[in-house]
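As provided, upload_21.pdb (PDB, C-alpha atoms, pLDDT in the B column) reads as follows.
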ATOM      1  CA  GLU N   1     -21.280 -14.725 -21.876  1.00 95.00           C
ATOM      2  CA  SER N   2     -19.806 -17.195 -19.419  1.00 97.00           C
ATOM      3  CA  PRO N   3     -16.505 -18.731 -20.547  1.00 96.00           C
ATOM      4  CA  LEU N   4     -17.464 -21.912 -18.658  1.00 97.00           C
ATOM      5  CA  VAL N   5     -21.137 -22.546 -19.518  1.00 96.00           C
ATOM      6  CA  PHE N   6     -22.570 -22.356 -23.017  1.00 96.00           C
ATOM      7  CA  GLY N   7     -25.757 -20.251 -23.095  1.00 97.00           C
ATOM      8  CA  LEU N   8     -25.152 -18.519 -19.739  1.00 98.00           C
ATOM      9  CA  ILE N   9     -25.372 -14.814 -20.596  1.00 98.00           C
ATOM     10  CA  TYR N  10     -25.690 -11.678 -18.460  1.00 98.00           C
ATOM     11  CA  THR N  11     -26.965  -8.273 -19.605  1.00 97.00           C
ATOM     12  CA  GLY N  12     -27.036  -4.899 -17.888  1.00 96.00           C
ATOM     13  CA  SER N  13     -28.817  -1.642 -18.658  1.00 95.00           C
ATOM     14  CA  ASP N  14     -28.225   2.041 -17.995  1.00 92.00           C
ATOM     15  CA  ASP N  15     -30.930   2.059 -15.297  1.00 92.00           C
ATOM     16  CA  GLY N  16     -29.436  -0.734 -13.174  1.00 92.00           C
ATOM     17  CA  LYS N  17     -31.391  -3.735 -14.402  1.00 96.00           C
ATOM     18  CA  ILE N  18     -29.359  -6.945 -14.710  1.00 97.00           C
ATOM     19  CA  CYS N  19     -30.754 -10.045 -16.390  1.00 98.00           C
ATOM     20  CA  MET N  20     -29.451 -13.571 -16.859  1.00 98.00           C
ATOM     21  CA  THR N  21     -30.292 -16.409 -19.208  1.00 98.00           C
ATOM     22  CA  LYS N  22     -29.068 -19.976 -18.857  1.00 97.00           C
ATOM     23  CA  ASP N  23     -30.552 -21.183 -22.141  1.00 97.00           C
ATOM     24  CA  GLY N  24     -29.007 -18.845 -24.687  1.00 96.00           C
ATOM     25  CA  GLY N  25     -31.757 -16.237 -24.500  1.00 96.00           C
ATOM     26  CA  LEU N  26     -34.958 -18.293 -24.561  1.00 97.00           C
ATOM     27  CA  THR N  27     -35.854 -17.286 -21.003  1.00 97.00           C
ATOM     28  CA  TRP N  28     -34.526 -14.437 -18.834  1.00 97.00           C
ATOM     29  CA  ASP N  29     -34.463 -13.760 -15.087  1.00 97.00           C
ATOM     30  CA  THR N  30     -33.891 -10.371 -13.446  1.00 97.00           C
ATOM     31  CA  ILE N  31     -31.139 -10.732 -10.819  1.00 97.00           C
ATOM     32  CA  SER N  32     -30.627  -7.118  -9.701  1.00 96.00           C
ATOM     33  CA  GLN N  33     -33.396  -6.898  -7.073  1.00 94.00           C
ATOM     34  CA  ASN N  34     -30.891  -6.807  -4.174  1.00 94.00           C
ATOM     35  CA  LEU N  35     -28.564  -4.213  -5.737  1.00 96.00           C
ATOM     36  CA  PRO N  36     -28.722  -0.398  -5.612  1.00 94.00           C
ATOM     37  CA  VAL N  37     -31.313   0.902  -8.067  1.00 91.00           C
ATOM     38  CA  ALA N  38     -31.217   3.370 -10.976  1.00 91.00           C
ATOM     39  CA  LEU N  39     -27.464   3.119 -11.583  1.00 95.00           C
ATOM     40  CA  TRP N  40     -25.710   2.524 -14.874  1.00 94.00           C
ATOM     41  CA  VAL N  41     -24.368  -1.039 -15.172  1.00 96.00           C
ATOM     42  CA  SER N  42     -20.829  -0.314 -16.345  1.00 95.00           C
ATOM     43  CA  ARG N  43     -19.594  -3.935 -16.414  1.00 96.00           C
ATOM     44  CA  ILE N  44     -20.722  -7.520 -15.896  1.00 97.00           C
ATOM     45  CA  VAL N  45     -18.099 -10.277 -15.877  1.00 97.00           C
ATOM     46  CA  ALA N  46     -18.891 -13.972 -15.651  1.00 97.00           C
ATOM     47  CA  SER N  47     -16.140 -15.814 -13.777  1.00 97.00           C
ATOM     48  CA  ARG N  48     -13.763 -18.161 -15.519  1.00 96.00           C
ATOM     49  CA  HIS N  49     -13.053 -19.954 -12.208  1.00 97.00           C
ATOM     50  CA  SER N  50     -16.584 -20.708 -10.964  1.00 97.00           C
ATOM     51  CA  LYS N  51     -19.633 -21.150 -13.200  1.00 97.00           C
ATOM     52  CA  SER N  52     -21.987 -19.592 -10.618  1.00 97.00           C
ATOM     53  CA  ARG N  53     -19.823 -16.504  -9.918  1.00 98.00           C
ATOM     54  CA  VAL N  54     -20.434 -13.129 -11.554  1.00 98.00           C
ATOM     55  CA  TYR N  55     -19.043  -9.632 -10.942  1.00 98.00           C
ATOM     56  CA  VAL N  56     -20.916  -6.358 -11.463  1.00 98.00           C
ATOM     57  CA  CYS N  57     -19.821  -2.700 -11.500  1.00 97.00           C
ATOM     58  CA  LEU N  58     -22.459   0.003 -11.124  1.00 96.00           C
ATOM     59  CA  ASN N  59     -21.862   3.675 -11.819  1.00 94.00           C
ATOM     60  CA  GLY N  60     -23.780   6.584 -10.289  1.00 92.00           C
ATOM     61  CA  TYR N  61     -21.797   9.528 -11.614  1.00 87.00           C
ATOM     62  CA  ARG N  62     -24.829  10.893 -13.500  1.00 86.00           C
ATOM     63  CA  ASN N  63     -26.375  11.576 -10.075  1.00 89.00           C
ATOM     64  CA  ASP N  64     -23.123  12.883  -8.530  1.00 91.00           C
ATOM     65  CA  ASP N  65     -22.750   9.552  -6.717  1.00 92.00           C
ATOM     66  CA  PHE N  66     -19.138   8.397  -6.885  1.00 94.00           C
ATOM     67  CA  THR N  67     -19.453   5.421  -4.557  1.00 95.00           C
ATOM     68  CA  PRO N  68     -17.362   2.479  -5.842  1.00 96.00           C
ATOM     69  CA  TYR N  69     -20.179   0.010  -6.515  1.00 97.00           C
ATOM     70  CA  VAL N  70     -18.588  -3.407  -7.154  1.00 98.00           C
ATOM     71  CA  PHE N  71     -20.404  -6.623  -6.284  1.00 98.00           C
ATOM     72  CA  ARG N  72     -19.797 -10.370  -6.515  1.00 98.00           C
ATOM     73  CA  SER N  73     -22.346 -13.168  -6.536  1.00 98.00           C
ATOM     74  CA  ASP N  74     -21.443 -16.825  -6.096  1.00 97.00           C
ATOM     75  CA  ASP N  75     -24.949 -18.153  -6.820  1.00 97.00           C
ATOM     76  CA  PHE N  76     -25.902 -16.759 -10.236  1.00 97.00           C
ATOM     77  CA  GLY N  77     -27.026 -13.399  -8.798  1.00 96.00           C
ATOM     78  CA  LYS N  78     -29.377 -14.579  -6.057  1.00 96.00           C
ATOM     79  CA  HIS N  79     -27.211 -12.956  -3.371  1.00 97.00           C
ATOM     80  CA  TRP N  80     -24.638 -10.170  -3.775  1.00 97.00           C
ATOM     81  CA  THR N  81     -21.578  -9.198  -1.720  1.00 97.00           C
ATOM     82  CA  SER N  82     -20.043  -5.734  -1.957  1.00 97.00           C
ATOM     83  CA  ILE N  83     -16.330  -5.887  -2.807  1.00 97.00           C
ATOM     84  CA  GLY N  84     -15.782  -2.200  -3.610  1.00 95.00           C
ATOM     85  CA  ASP N  85     -15.314  -0.841  -0.093  1.00 93.00           C
ATOM     86  CA  GLY N  86     -11.512  -0.835  -0.373  1.00 93.00           C
ATOM     87  CA  LEU N  87     -11.529   1.359  -3.486  1.00 96.00           C
ATOM     88  CA  PRO N  88     -11.357   5.167  -3.406  1.00 95.00           C
ATOM     89  CA  HIS N  89     -14.551   7.219  -3.672  1.00 95.00           C
ATOM     90  CA  GLU N  90     -14.759   7.308  -7.483  1.00 94.00           C
ATOM     91  CA  ALA N  91     -16.748   5.635 -10.242  1.00 94.00           C
ATOM     92  CA  VAL N  92     -15.692   2.103 -11.206  1.00 96.00           C
ATOM     93  CA  ASN N  93     -15.775   1.335 -14.927  1.00 96.00           C
ATOM     94  CA  VAL N  94     -14.427  -2.198 -15.179  1.00 97.00           C
ATOM     95  CA  ILE N  95     -13.560  -5.249 -13.085  1.00 97.00           C
ATOM     96  CA  ARG N  96     -11.561  -8.233 -14.344  1.00 96.00           C
ATOM     97  CA  GLU N  97     -10.703 -11.536 -12.777  1.00 96.00           C
ATOM     98  CA  ASP N  98      -7.178 -12.843 -13.305  1.00 95.00           C
ATOM     99  CA  LEU N  99      -6.889 -15.783 -15.687  1.00 94.00           C
ATOM    100  CA  GLU N 100      -4.915 -17.891 -13.179  1.00 93.00           C
ATOM    101  CA  GLU N 101      -5.502 -16.551  -9.657  1.00 93.00           C
ATOM    102  CA  GLU N 102      -9.223 -16.358  -8.863  1.00 93.00           C
ATOM    103  CA  ASN N 103      -8.787 -13.927  -5.947  1.00 95.00           C
ATOM    104  CA  LEU N 104      -6.607 -11.564  -7.983  1.00 95.00           C
ATOM    105  CA  LEU N 105      -8.920  -8.898  -9.385  1.00 97.00           C
ATOM    106  CA  TYR N 106      -8.223  -5.729 -11.365  1.00 96.00           C
ATOM    107  CA  ALA N 107     -10.474  -2.658 -11.156  1.00 97.00           C
ATOM    108  CA  GLY N 108     -10.416   0.356 -13.462  1.00 96.00           C
ATOM    109  CA  THR N 109     -11.868   3.567 -12.033  1.00 96.00           C
ATOM    110  CA  ASP N 110     -12.268   7.125 -13.284  1.00 93.00           C
ATOM    111  CA  HIS N 111      -8.826   7.989 -11.881  1.00 92.00           C
ATOM    112  CA  GLY N 112      -6.695   4.862 -12.091  1.00 93.00           C
ATOM    113  CA  LEU N 113      -6.079   1.138 -11.915  1.00 96.00           C
ATOM    114  CA  TYR N 114      -6.256  -1.006  -8.769  1.00 96.00           C
ATOM    115  CA  PHE N 115      -5.743  -4.654  -7.873  1.00 95.00           C
ATOM    116  CA  THR N 116      -6.600  -6.960  -4.982  1.00 95.00           C
ATOM    117  CA  ILE N 117      -5.135 -10.365  -4.134  1.00 93.00           C
ATOM    118  CA  ASP N 118      -7.839 -11.285  -1.627  1.00 93.00           C
ATOM    119  CA  GLY N 119     -10.987 -11.101  -3.722  1.00 94.00           C
ATOM    120  CA  GLY N 120     -11.777  -7.465  -2.962  1.00 94.00           C
ATOM    121  CA  GLN N 121     -11.006  -6.911   0.713  1.00 92.00           C
ATOM    122  CA  LEU N 122      -7.921  -4.725   0.198  1.00 93.00           C
ATOM    123  CA  TYR N 123      -6.989  -2.878  -2.997  1.00 95.00           C
ATOM    124  CA  GLN N 124      -3.647  -1.390  -4.044  1.00 93.00           C
ATOM    125  CA  ARG N 125      -3.078   1.146  -6.794  1.00 94.00           C
ATOM    126  CA  LEU N 126      -1.083   0.326  -9.922  1.00 89.00           C
ATOM    127  CA  ASN N 127       0.263   3.698 -10.975  1.00 83.00           C
ATOM    128  CA  HIS N 128       3.883   3.314 -12.026  1.00 78.00           C
ATOM    129  CA  ASP N 129       4.143   5.027 -15.441  1.00 81.00           C
ATOM    130  CA  LEU N 130       0.334   5.051 -15.725  1.00 86.00           C
ATOM    131  CA  PRO N 131      -1.286   8.508 -15.803  1.00 86.00           C
ATOM    132  CA  ASN N 132      -4.115   9.537 -13.496  1.00 88.00           C
ATOM    133  CA  VAL N 133      -6.800   8.844 -16.085  1.00 91.00           C
ATOM    134  CA  ALA N 134     -10.083   6.946 -16.463  1.00 94.00           C
ATOM    135  CA  ILE N 135      -9.598   3.221 -17.123  1.00 95.00           C
ATOM    136  CA  HIS N 136     -12.430   1.867 -19.270  1.00 95.00           C
ATOM    137  CA  ASP N 137     -11.316  -1.622 -20.245  1.00 95.00           C
ATOM    138  CA  LEU N 138      -8.816  -4.335 -19.317  1.00 96.00           C
ATOM    139  CA  ALA N 139      -7.805  -7.337 -21.418  1.00 95.00           C
ATOM    140  CA  LEU N 140      -5.607 -10.104 -20.017  1.00 94.00           C
ATOM    141  CA  GLN N 141      -3.349 -12.120 -22.296  1.00 90.00           C
ATOM    142  CA  GLN N 142      -2.626 -15.670 -21.130  1.00 84.00           C
ATOM    143  CA  LYS N 143       0.445 -16.484 -23.205  1.00 86.00           C
ATOM    144  CA  GLY N 144       2.364 -13.274 -22.585  1.00 84.00           C
ATOM    145  CA  LYS N 145       1.203 -12.812 -18.968  1.00 90.00           C
ATOM    146  CA  GLU N 146       0.287  -9.248 -19.859  1.00 93.00           C
ATOM    147  CA  MET N 147      -2.641  -6.924 -19.368  1.00 93.00           C
ATOM    148  CA  VAL N 148      -3.698  -4.324 -21.920  1.00 94.00           C
ATOM    149  CA  ILE N 149      -5.189  -1.224 -20.288  1.00 94.00           C
ATOM    150  CA  GLY N 150      -7.660   0.884 -22.246  1.00 94.00           C
ATOM    151  CA  THR N 151      -7.893   4.470 -21.003  1.00 92.00           C
ATOM    152  CA  HIS N 152     -10.149   7.387 -21.825  1.00 89.00           C
ATOM    153  CA  GLY N 153      -8.039   9.936 -23.672  1.00 82.00           C
ATOM    154  CA  ARG N 154      -4.547   8.534 -23.023  1.00 82.00           C
ATOM    155  CA  SER N 155      -4.477   5.572 -25.415  1.00 86.00           C
ATOM    156  CA  LEU N 156      -3.494   2.007 -24.485  1.00 92.00           C
ATOM    157  CA  TYR N 157      -0.938   0.693 -22.015  1.00 91.00           C
ATOM    158  CA  LYS N 158       0.525  -2.762 -21.532  1.00 92.00           C
ATOM    159  CA  MET N 159       1.943  -4.252 -18.345  1.00 90.00           C
ATOM    160  CA  ASN N 160       3.384  -7.576 -17.288  1.00 90.00           C
ATOM    161  CA  ILE N 161       1.291  -9.182 -14.526  1.00 90.00           C
ATOM    162  CA  ALA N 162       3.468 -12.234 -13.761  1.00 87.00           C
ATOM    163  CA  ASP N 163       4.717 -10.766 -10.468  1.00 86.00           C
ATOM    164  CA  LEU N 164       1.210  -9.781  -9.359  1.00 88.00           C
ATOM    165  CA  ARG N 165       0.259 -13.443  -9.593  1.00 86.00           C
ATOM    166  CA  LYS N 166       3.053 -14.282  -7.135  1.00 85.00           C
ATOM    167  CA  LEU N 167       1.964 -11.752  -4.491  1.00 84.00           C
ATOM    168  CA  LYS N 168      -0.456 -14.138  -2.761  1.00 69.00           C
ATOM    169  CA  GLU N 169       2.306 -16.722  -2.448  1.00 69.00           C
ATOM    170  CA  TRP N 170       4.716 -14.076  -1.093  1.00 62.00           C
ATOM    171  CA  LYS N 171       2.091 -12.680   1.293  1.00 62.00           C
ATOM    172  CA  ASP N 172       1.560 -16.087   2.893  1.00 62.00           C
ATOM    173  CA  SER N 173       5.301 -16.803   3.300  1.00 58.00           C
ATOM    174  CA  SER N 174       7.268 -15.843   6.394  1.00 58.00           C
ATOM    175  CA  LEU N 175      10.222 -14.495   4.398  1.00 53.00           C
ATOM    176  CA  VAL N 176      10.377 -12.376   1.284  1.00 56.00           C
ATOM    177  CA  ILE N 177      13.712 -11.329  -0.214  1.00 57.00           C
ATOM    178  CA  GLY N 178      13.915  -8.284  -2.418  1.00 61.00           C
ATOM    179  CA  SER N 179      16.472  -5.754  -3.542  1.00 62.00           C
ATOM    180  CA  VAL N 180      16.673  -2.203  -2.224  1.00 61.00           C
ATOM    181  CA  ALA N 181      18.087   0.613  -4.319  1.00 67.00           C
ATOM    182  CA  SER N 182      21.207   2.278  -2.939  1.00 69.00           C
ATOM    183  CA  ILE N 183      20.573   5.488  -0.987  1.00 65.00           C
ATOM    184  CA  ALA N 184      22.455   8.677  -1.774  1.00 68.00           C
ATOM    185  CA  ILE N 185      23.265  10.786   1.301  1.00 67.00           C
ATOM    186  CA  HIS N 186      23.362  14.551   0.954  1.00 65.00           C
ATOM    187  CA  ASN N 187      25.817  16.478   3.172  1.00 70.00           C
ATOM    188  CA  LEU N 188      23.074  18.948   4.236  1.00 68.00           C
ATOM    189  CA  TRP N 189      20.731  16.283   5.631  1.00 66.00           C
ATOM    190  CA  GLY N 190      20.071  16.849   9.318  1.00 63.00           C
ATOM    191  CA  LYS N 191      21.431  20.403   9.368  1.00 66.00           C
ATOM    192  CA  LYS N 192      19.350  23.463  10.108  1.00 65.00           C
ATOM    193  CA  SER N 193      19.082  26.162   7.486  1.00 62.00           C
ATOM    194  CA  ASN N 194      19.699  29.778   8.472  1.00 61.00           C
ATOM    195  CA  PHE N 195      17.221  31.869   6.472  1.00 55.00           C
ATOM    196  CA  SER N 196      17.761  35.094   8.423  1.00 54.00           C
ATOM    197  CA  GLN N 197      20.892  36.086   6.479  1.00 51.00           C
TER     198      GLN N 197
END
Output the file's structure as structure tokens, nothing else.
Amino acid sequence: ESPLVFGLIYTGSDDGKICMTKDGGLTWDTISQNLPVALWVSRIVASRHSKSRVYVCLNGYRNDDFTPYVFRSDDFGKHWTSIGDGLPHEAVNVIREDLEEENLLYAGTDHGLYFTIDGGQLYQRLNHDLPNVAIHDLALQQKGKEMVIGTHGRSLYKMNIADLRKLKEWKDSSLVIGSVASIAIHNLWGKKSNFSQ
């Protein structure tokens, strides 16, 4: 259900059909005609930043198709734009829009967690202390600026996303200041080893 419009609901099936109602279920329209067919709809997310925007993840792993099918529509599903091209070749299980930054998206795949600050053009992996495991759900907490990550077989994880929300601001600035860890120098660096002895 849309967090912005009462009665705006999206549904998806395991054969790729996506339907939408704007009147709480009295009438339904199929909006998946321009999407790949016969794929499992793994996630539909109505935007909290634009009432006409919706995100869809499709999954083809049952047919050995691991293409990252992620799409966005800005007109209630009349037209779709692929935003999964920057993800690795693996099934996508979930997409979430950040609560504050509309172009900051999080994607959970069969092998990890990714984010984009530009609405899906370029993705980066979030893998510090997170195992290489299927991510099946993501829940964002407004007050604590945290994201809860639901995995398949490795329990739940929690991470602070406050700094991710600042990345767009840092990307657009001409100067970013950060700290660099001190480097330890080993006395054998740069020397050839003699293995013939």
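Applied to the file shown here, the PyMOL selection byres ((chain N and resi 146-162) around 7) selects Val133, Ala134, Ile135, His136, Asp137, Leu138, Ala139, Leu140, Gln141, Gly144, Lys145, Asp163, Leu164, Arg165 and Lys166 of chain N.
Across the model, the gap from CA of Gln142 in chain N to CA of Asn59 in chain N is 28.8 Å.
With all atoms listed in the file as the basis for measurement, N:Ser32 is the residue among N:Thr67, N:Asn187, N:Thr116, N:Ser32 that approaches Asp15 in chain N most closely.
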Test item: residues at most 6 Å from Tyr69 in chain N, only C-alpha atoms, excluding those fewer than 5 positions along its chain, as a ChimeraX atom specification: /N:57-58,84
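Going from CA of Arg53 in chain N to CA of Lys17 in chain N covers 17.8 Å.
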field: For Thr81 in chain N: contacts at 10 Å, only C-alpha atoms, fewer than 5 positions along chain excluded, given as an MDAnalysis selection string
entry: chainID N and resid 34:35 55 70:74
